[in-house]
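Data file: work.cif. Format and content: mmCIF, C-alpha atoms.
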```cif
data_input
#
loop_
_atom_site.label_atom_id
_atom_site.label_comp_id
_atom_site.auth_asym_id
_atom_site.auth_seq_id
_atom_site.Cartn_x
_atom_site.Cartn_y
_atom_site.Cartn_z
CA ARG A 1 -17.34 2.98 56.98
CA ALA A 2 -16.83 3.86 53.31
CA PRO A 3 -15.47 1.08 51.08
CA PRO A 4 -11.85 1.54 49.92
CA LEU A 5 -11.22 3.13 46.56
CA PRO A 6 -10.64 0.59 43.78
CA LEU A 7 -7.19 0.56 42.27
CA PRO A 8 -7.23 2.91 39.26
CA GLY A 9 -5.50 0.35 37.09
CA THR A 10 -8.31 -2.15 37.58
CA MET A 11 -11.15 0.21 36.72
CA THR A 12 -11.02 0.03 32.97
CA SER A 13 -9.83 -2.09 30.09
CA THR A 14 -7.08 -1.28 27.60
CA ALA A 15 -9.69 -0.17 25.07
CA GLU A 16 -11.17 2.27 27.58
CA PHE A 17 -7.68 3.53 28.41
CA PHE A 18 -7.07 4.41 24.77
CA GLU A 19 -10.57 5.85 24.42
CA GLY A 20 -9.86 8.20 27.31
CA ALA A 21 -6.47 9.12 25.85
CA VAL A 22 -7.89 9.88 22.40
CA LYS A 23 -10.77 11.96 23.77
CA SER A 24 -8.48 13.91 26.08
CA GLY A 25 -5.78 14.48 23.48
CA THR A 26 -8.26 15.59 20.83
CA MET A 27 -10.00 17.94 23.26
CA ILE A 28 -6.71 19.58 24.25
CA LEU A 29 -5.53 19.96 20.64
CA ILE A 30 -8.74 21.73 19.66
CA SER A 31 -9.19 23.90 22.75
CA GLU A 32 -5.59 24.96 23.42
CA ILE A 33 -4.53 26.18 19.96
CA GLY A 34 -4.70 29.96 20.21
CA ASP A 35 -5.37 29.88 23.96
CA LYS A 36 -3.54 32.22 26.37
CA THR A 37 -1.12 29.48 27.49
CA PHE A 38 -0.31 28.84 23.82
CA PHE A 39 0.74 32.45 23.30
CA ILE A 40 2.59 32.60 26.61
CA ALA A 41 4.85 29.81 25.32
CA ALA A 42 5.15 31.50 21.91
CA ILE A 43 6.14 34.89 23.35
CA MET A 44 8.50 33.47 25.98
CA ALA A 45 10.22 31.43 23.25
CA MET A 46 11.00 34.65 21.37
CA ARG A 47 12.95 35.94 24.35
CA HIS A 48 14.50 32.77 25.76
CA SER A 49 15.67 29.30 24.76
CA ARG A 50 12.87 27.32 23.10
CA ALA A 51 13.85 24.13 24.91
CA THR A 52 13.82 25.90 28.29
CA VAL A 53 10.44 27.52 27.66
CA PHE A 54 9.00 24.21 26.45
CA ALA A 55 10.25 22.46 29.60
CA GLY A 56 8.66 25.03 31.90
CA ALA A 57 5.35 25.16 30.03
CA ILE A 58 4.88 21.42 29.58
CA GLY A 59 5.87 20.88 33.20
CA ALA A 60 3.09 23.20 34.37
CA LEU A 61 0.52 21.75 31.96
CA GLY A 62 1.51 18.19 32.87
CA VAL A 63 1.07 18.88 36.59
CA MET A 64 -2.25 20.62 35.93
CA THR A 65 -3.48 17.71 33.81
CA ALA A 66 -2.50 15.14 36.44
CA LEU A 67 -4.19 17.14 39.21
CA SER A 68 -7.35 17.57 37.14
CA ALA A 69 -7.49 13.87 36.26
CA ALA A 70 -6.95 12.97 39.93
CA LEU A 71 -9.88 15.18 40.93
CA GLY A 72 -12.05 13.55 38.29
CA TRP A 73 -10.91 10.08 39.41
CA ALA A 74 -11.72 10.79 43.05
CA ALA A 75 -15.08 12.42 42.41
CA PRO A 76 -17.08 9.16 41.93
CA ALA A 77 -15.71 7.87 45.27
CA LEU A 78 -16.92 10.99 47.06
CA ILE A 79 -20.12 11.59 45.12
CA SER A 80 -22.49 9.14 43.47
CA LYS A 81 -21.10 7.95 40.15
CA THR A 82 -24.43 8.75 38.53
CA TYR A 83 -24.19 12.39 39.64
CA THR A 84 -20.58 12.78 38.50
CA HIS A 85 -21.39 11.17 35.14
CA TYR A 86 -24.27 13.51 34.36
CA LEU A 87 -22.35 16.48 35.74
CA ALA A 88 -19.63 15.67 33.21
CA VAL A 89 -22.29 15.43 30.48
CA ALA A 90 -23.68 18.82 31.52
CA LEU A 91 -20.21 20.41 31.45
CA PHE A 92 -19.52 19.10 27.94
CA PHE A 93 -22.84 20.43 26.65
CA PHE A 94 -22.38 23.75 28.45
CA PHE A 95 -18.91 24.44 27.05
CA GLY A 96 -19.78 23.05 23.63
CA LEU A 97 -23.02 24.98 23.16
CA ARG A 98 -21.50 28.18 24.56
CA SER A 99 -18.58 27.90 22.15
CA LEU A 100 -20.93 27.29 19.21
CA TYR A 101 -23.19 30.18 20.26
CA GLU A 102 -20.28 32.62 20.60
CA SER A 103 -18.70 31.58 17.31
CA LEU A 104 -21.85 31.25 15.18
CA LEU A 105 -24.42 33.67 16.61
CA ALA A 106 -22.55 36.20 18.75
CA TRP A 107 -19.22 36.52 17.00
CA GLU A 108 -17.75 39.99 17.50
CA GLY A 109 -14.70 39.68 15.31
CA GLY A 110 -11.17 39.71 16.61
CA GLY A 111 -9.32 36.46 16.89
CA MET A 112 -5.95 35.01 17.73
CA GLN A 113 -4.10 38.20 16.82
CA GLU A 114 -5.97 40.08 19.55
CA GLU A 115 -5.29 37.30 22.06
CA LEU A 116 -1.62 37.46 21.11
CA GLU A 117 -1.45 41.24 21.57
CA GLU A 118 -3.22 41.03 24.94
CA THR A 119 -0.85 38.33 26.17
CA GLU A 120 2.17 40.33 24.97
CA LYS A 121 0.98 43.36 26.97
CA GLU A 122 0.46 41.26 30.11
CA LEU A 123 3.88 39.63 29.86
CA GLY A 124 5.47 43.01 29.09
CA ALA A 125 3.94 44.52 32.22
CA LYS A 126 5.15 41.62 34.33
CA GLY A 127 8.62 41.95 32.83
CA LYS A 128 8.84 45.65 33.76
CA LYS A 129 7.67 44.97 37.30
CA LYS A 130 10.16 42.15 37.63
CA GLY A 131 12.98 44.38 36.40
CA LYS A 132 12.30 46.98 39.09
CA THR A 133 12.44 44.45 41.93
CA LYS A 134 15.31 42.33 40.64
CA THR A 135 18.07 41.36 43.12
CA LYS A 136 21.37 39.59 42.69
CA THR A 137 21.03 36.85 45.28
CA LYS A 138 21.32 33.21 44.29
CA THR A 139 17.78 32.52 45.48
CA SER A 140 16.22 35.26 43.36
CA ALA A 141 18.35 34.18 40.39
CA PHE A 142 16.88 30.68 40.69
CA LEU A 143 13.31 31.88 41.16
CA SER A 144 13.62 34.18 38.15
CA SER A 145 15.02 31.47 35.90
CA THR A 146 13.17 30.97 32.63
CA VAL A 147 11.92 27.48 33.51
CA VAL A 148 10.41 28.55 36.83
CA GLU A 149 8.99 31.76 35.38
CA THR A 150 7.35 29.93 32.46
CA PHE A 151 6.06 27.20 34.79
CA VAL A 152 4.42 29.64 37.20
CA ILE A 153 2.90 31.91 34.52
CA THR A 154 1.53 28.94 32.56
CA PHE A 155 0.16 27.18 35.65
CA LEU A 156 -1.70 30.28 36.83
CA ALA A 157 -3.05 31.01 33.34
CA GLU A 158 -4.35 27.43 32.99
CA TRP A 159 -5.99 27.30 36.44
CA GLY A 160 -9.77 27.41 36.04
CA ASP A 161 -9.53 27.27 32.24
CA ARG A 162 -12.28 25.36 30.42
CA SER A 163 -9.81 22.66 29.37
CA GLN A 164 -8.96 22.02 33.04
CA ILE A 165 -12.62 21.72 34.01
CA ALA A 166 -13.30 19.53 30.97
CA THR A 167 -10.37 17.28 31.94
CA ILE A 168 -11.89 16.82 35.41
CA GLY A 169 -15.23 15.93 33.85
CA LEU A 170 -13.63 13.56 31.34
CA ALA A 171 -11.61 11.74 34.03
CA ALA A 172 -14.80 11.24 36.05
CA SER A 173 -16.24 9.05 33.28
CA GLU A 174 -13.15 7.76 31.45
CA ASP A 175 -9.90 6.03 32.42
CA PRO A 176 -7.96 8.70 34.40
CA PHE A 177 -4.57 7.39 33.26
CA GLY A 178 -5.69 7.52 29.64
CA VAL A 179 -7.06 11.04 30.15
CA THR A 180 -3.77 12.13 31.73
CA LEU A 181 -1.62 10.62 28.98
CA GLY A 182 -3.77 12.03 26.19
CA GLY A 183 -3.91 15.43 27.83
CA VAL A 184 -0.15 15.65 28.34
CA LEU A 185 0.53 14.55 24.75
CA GLY A 186 -2.01 17.08 23.45
CA HIS A 187 -0.39 19.85 25.49
CA ALA A 188 3.06 18.76 24.28
CA VAL A 189 1.97 19.08 20.63
CA CYS A 190 0.34 22.49 21.20
CA THR A 191 3.25 23.83 23.26
CA GLY A 192 5.76 22.51 20.75
CA ALA A 193 3.91 24.27 17.94
CA ALA A 194 3.78 27.45 20.04
CA VAL A 195 7.51 27.63 20.76
CA LEU A 196 8.38 26.79 17.15
CA GLY A 197 6.08 29.25 15.41
CA GLY A 198 3.06 30.25 17.45
CA LYS A 199 3.17 33.93 16.55
CA HIS A 200 3.20 33.17 12.83
CA MET A 201 0.42 30.59 13.29
CA ALA A 202 -1.79 33.29 14.84
CA THR A 203 -1.92 35.06 11.48
CA LEU A 204 -2.90 31.89 9.60
CA VAL A 205 -5.40 30.04 11.81
CA SER A 206 -8.99 31.28 12.18
CA GLU A 207 -10.01 31.45 15.84
CA ARG A 208 -13.65 31.22 14.78
CA ALA A 209 -13.04 27.93 12.96
CA VAL A 210 -11.18 26.57 16.02
CA ALA A 211 -14.04 27.66 18.30
CA ILE A 212 -16.65 25.98 16.08
CA THR A 213 -14.64 22.75 15.89
CA GLY A 214 -14.04 22.75 19.63
CA GLY A 215 -17.70 23.41 20.40
CA ALA A 216 -18.81 20.59 18.12
CA LEU A 217 -16.28 18.25 19.74
CA PHE A 218 -17.53 19.03 23.26
CA VAL A 219 -21.14 18.45 22.20
CA LEU A 220 -20.10 15.15 20.58
CA PHE A 221 -18.40 14.01 23.80
CA GLY A 222 -21.48 14.99 25.82
CA THR A 223 -23.79 13.13 23.44
CA HIS A 224 -21.62 10.01 23.57
CA ALA A 225 -21.55 10.03 27.37
CA LEU A 226 -25.32 10.60 27.51
CA VAL A 227 -26.06 7.73 25.12
CA THR A 228 -23.67 5.23 26.75
CA GLY A 229 -24.98 6.06 30.23
CA VAL A 230 -23.30 5.32 33.55
CA GLU A 231 -20.84 2.42 33.44
CA GLU A 232 -21.37 -0.16 36.15
#
```
Represent the structure contained in this file as structure tokens.
Amino acid sequence: RAPPLPLPGTMTSTAEFFEGAVKSGTMILISEIGDKTFFIAAIMAMRHSRATVFAGAIGALGVMTALSAALGWAAPALISKTYTHYLAVALFFFFGLRSLYESLLAWEGGGMQEELEETEKELGAKGKKKGKTKTKTKTSAFLSSTVVETFVITFLAEWGDRSQIATIGLAASEDPFGVTLGGVLGHAVCTGAAVLGGKHMATLVSERAVAITGGALFVLFGTHALVTGVEE
């Protein structure tokens, strides 16, 4: 019979809670600026109420962060903690080195403006399709509300994203509550910036610089986890 899971609140100290929150928040801030979910919020905010779009987007990202942290929290109970720790290390190095390679050695130009245009086309296509199938029932009116629409689009766009996988890996080796709090706060800052002026920001921020910074940050996290080893 497997031993019961320890209570999450007893797993780490306050210092480790804040360490997890800082790592998670920093990771999200670096990796989500200029990401597809960032531009989804920016474009939706041009067509609808900023507060409504923010509510839908942060709701989806908050749920995704909590689910990812829960998966990372549960992993050591299902798999050896040593395996999950070094899997997290491998993920950080993989994403970090890939980001550095793509931005330093295999950069093909483009940037946030291209990501913005691509997202605009995708949302425009969805809008046309939605217009053709629109009905006047109360149920469809609710399902097509801005909050629900933003929530669903953002959730699906974030699923399988590198920040989600990195959050799972981070929660496997850090305090899951700290990772969740830091992640949600990081998403709130990015989404807030997107709805307030994301389209203008795309013309000012270099995607290559963001990619290099993010890659270096992932490698730093991986190095730290490798040096500190598995916590007993």
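Pairwise distance (atom CA of A:Phe155, atom CA of A:Leu220) equals 28.0 Å.
The coordinates place atom CA of A:Gly62 at 12.8 Å from atom CA of A:Thr37.
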### Task
Identify, on the basis of all atoms listed in the file, every residue whose closest approach to stretch 68-77 of chain A does not exceed 8 Å; exclude the query and any residue fewer than 2 positions from it along the same chain; express the result as number ranges by chain.
A: 5, 64-66, 79-81, 84, 164-165, 167-173, 176-177, 179-180
### Query
Do you have the atom CA of A:Phe92-atom CA of A:Gly222 distance handy?
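These atoms are spaced 5.0 Å apart.
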### Contacts of A:Leu196 within 10 Å, all atoms listed in the file, excl. fewer than 6 positions in-chain, as a PyMOL selection string
chain A and resi 41-42+45-46+50-51+54+190
### Task
Check which residues satisfy the PyMOL selection byres ((chain A and resi 151) around 7) in the file shown, then give them as a list in words.
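Written out, the selection comes to Gly56, Ala57, Gly59, Ala60, Val147, Val148, Glu149, Thr150, Val152, Ile153, Thr154 and Phe155 of chain A.
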Output C-alpha atoms for every residue in that selection, as an mmCIF file, in the frame of the given file.
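This went into part_26.cif:
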```
data_model
loop_
_atom_site.group_PDB
_atom_site.id
_atom_site.type_symbol
_atom_site.label_atom_id
_atom_site.label_comp_id
_atom_site.auth_asym_id
_atom_site.auth_seq_id
_atom_site.Cartn_x
_atom_site.Cartn_y
_atom_site.Cartn_z
ATOM 1 C CA GLY A 56 8.660 25.030 31.900
ATOM 2 C CA ALA A 57 5.350 25.160 30.030
ATOM 3 C CA GLY A 59 5.870 20.880 33.200
ATOM 4 C CA ALA A 60 3.090 23.200 34.370
ATOM 5 C CA VAL A 147 11.920 27.480 33.510
ATOM 6 C CA VAL A 148 10.410 28.550 36.830
ATOM 7 C CA GLU A 149 8.990 31.760 35.380
ATOM 8 C CA THR A 150 7.350 29.930 32.460
ATOM 9 C CA VAL A 152 4.420 29.640 37.200
ATOM 10 C CA ILE A 153 2.900 31.910 34.520
ATOM 11 C CA THR A 154 1.530 28.940 32.560
ATOM 12 C CA PHE A 155 0.160 27.180 35.650
#
```
### Message
Under the rule that all atoms listed in the file are counted, which of A:Leu67, A:Ile28, A:Ala209, A:Val22 is the nearest residue to A:Gly178?
### Response
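Looking at the shortest contact to A:Gly178, the residue is A:Val22.
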### Message
Can you translate the PyMOL selection byres ((chain A and resi 99) around 12) into the concrete residues it hits in this file, as a PyMOL selection string?
### Response
chain A and resi 30-31+92-98+100-107+162+207-219
### Message
Quick one: residues within 12 Å of A:Val230, all atoms listed in the file, excluding same-chain residues fewer than 2 positions away - as a list of chain:residue names?
### Response
A:Pro76, A:Ser80, A:Lys81, A:Thr82, A:Tyr83, A:Thr84, A:His85, A:Tyr86, A:Leu87, A:Ala88, A:Val89, A:Ala172, A:Ser173, A:Glu174, A:His224, A:Ala225, A:Leu226, A:Val227, A:Thr228, A:Glu232
Atoms to include: C-alpha atoms. Write the selected residues as an mmCIF file, in the frame of the given file.
```
data_model
loop_
_atom_site.group_PDB
_atom_site.id
_atom_site.type_symbol
_atom_site.label_atom_id
_atom_site.label_comp_id
_atom_site.auth_asym_id
_atom_site.auth_seq_id
_atom_site.Cartn_x
_atom_site.Cartn_y
_atom_site.Cartn_z
ATOM 1 C CA PRO A 76 -17.080 9.160 41.930
ATOM 2 C CA SER A 80 -22.490 9.140 43.470
ATOM 3 C CA LYS A 81 -21.100 7.950 40.150
ATOM 4 C CA THR A 82 -24.430 8.750 38.530
ATOM 5 C CA TYR A 83 -24.190 12.390 39.640
ATOM 6 C CA THR A 84 -20.580 12.780 38.500
ATOM 7 C CA HIS A 85 -21.390 11.170 35.140
ATOM 8 C CA TYR A 86 -24.270 13.510 34.360
ATOM 9 C CA LEU A 87 -22.350 16.480 35.740
ATOM 10 C CA ALA A 88 -19.630 15.670 33.210
ATOM 11 C CA VAL A 89 -22.290 15.430 30.480
ATOM 12 C CA ALA A 172 -14.800 11.240 36.050
ATOM 13 C CA SER A 173 -16.240 9.050 33.280
ATOM 14 C CA GLU A 174 -13.150 7.760 31.450
ATOM 15 C CA HIS A 224 -21.620 10.010 23.570
ATOM 16 C CA ALA A 225 -21.550 10.030 27.370
ATOM 17 C CA LEU A 226 -25.320 10.600 27.510
ATOM 18 C CA VAL A 227 -26.060 7.730 25.120
ATOM 19 C CA THR A 228 -23.670 5.230 26.750
ATOM 20 C CA GLU A 232 -21.370 -0.160 36.150
#
```
### Summary
Judged by all atoms listed in the file, the minimum distance to A:Phe221 among A:Ala166, A:Leu61, A:Ala194, A:Ile40 is found for A:Ala166
### Message
Here is a test: counting only C-alpha atoms, which residue of A:Ile58, A:Ser49, A:Ser24, A:Phe18 is nearest to A:Thr191?
### Response
A:Ile58
To box stretch 23-38 of chain A, take all atoms listed in the file, fit an axis-aligned box, add 5 Å on each side, and give centre and edge lengths in Å to one decimal, as lines of an AutoDock Vina configuration file.
```
center_x = -5.5
center_y = 22.1
center_z = 23.6
size_x = 20.5
size_y = 30.3
size_z = 17.8
```
### Message
Considering only C-alpha atoms, can you say which of A:Val195, A:Val189, A:Leu29, A:Val63 comes closest to A:Glu158?
### Response
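Counting only C-alpha atoms, the residue closest to A:Glu158 is A:Val63.
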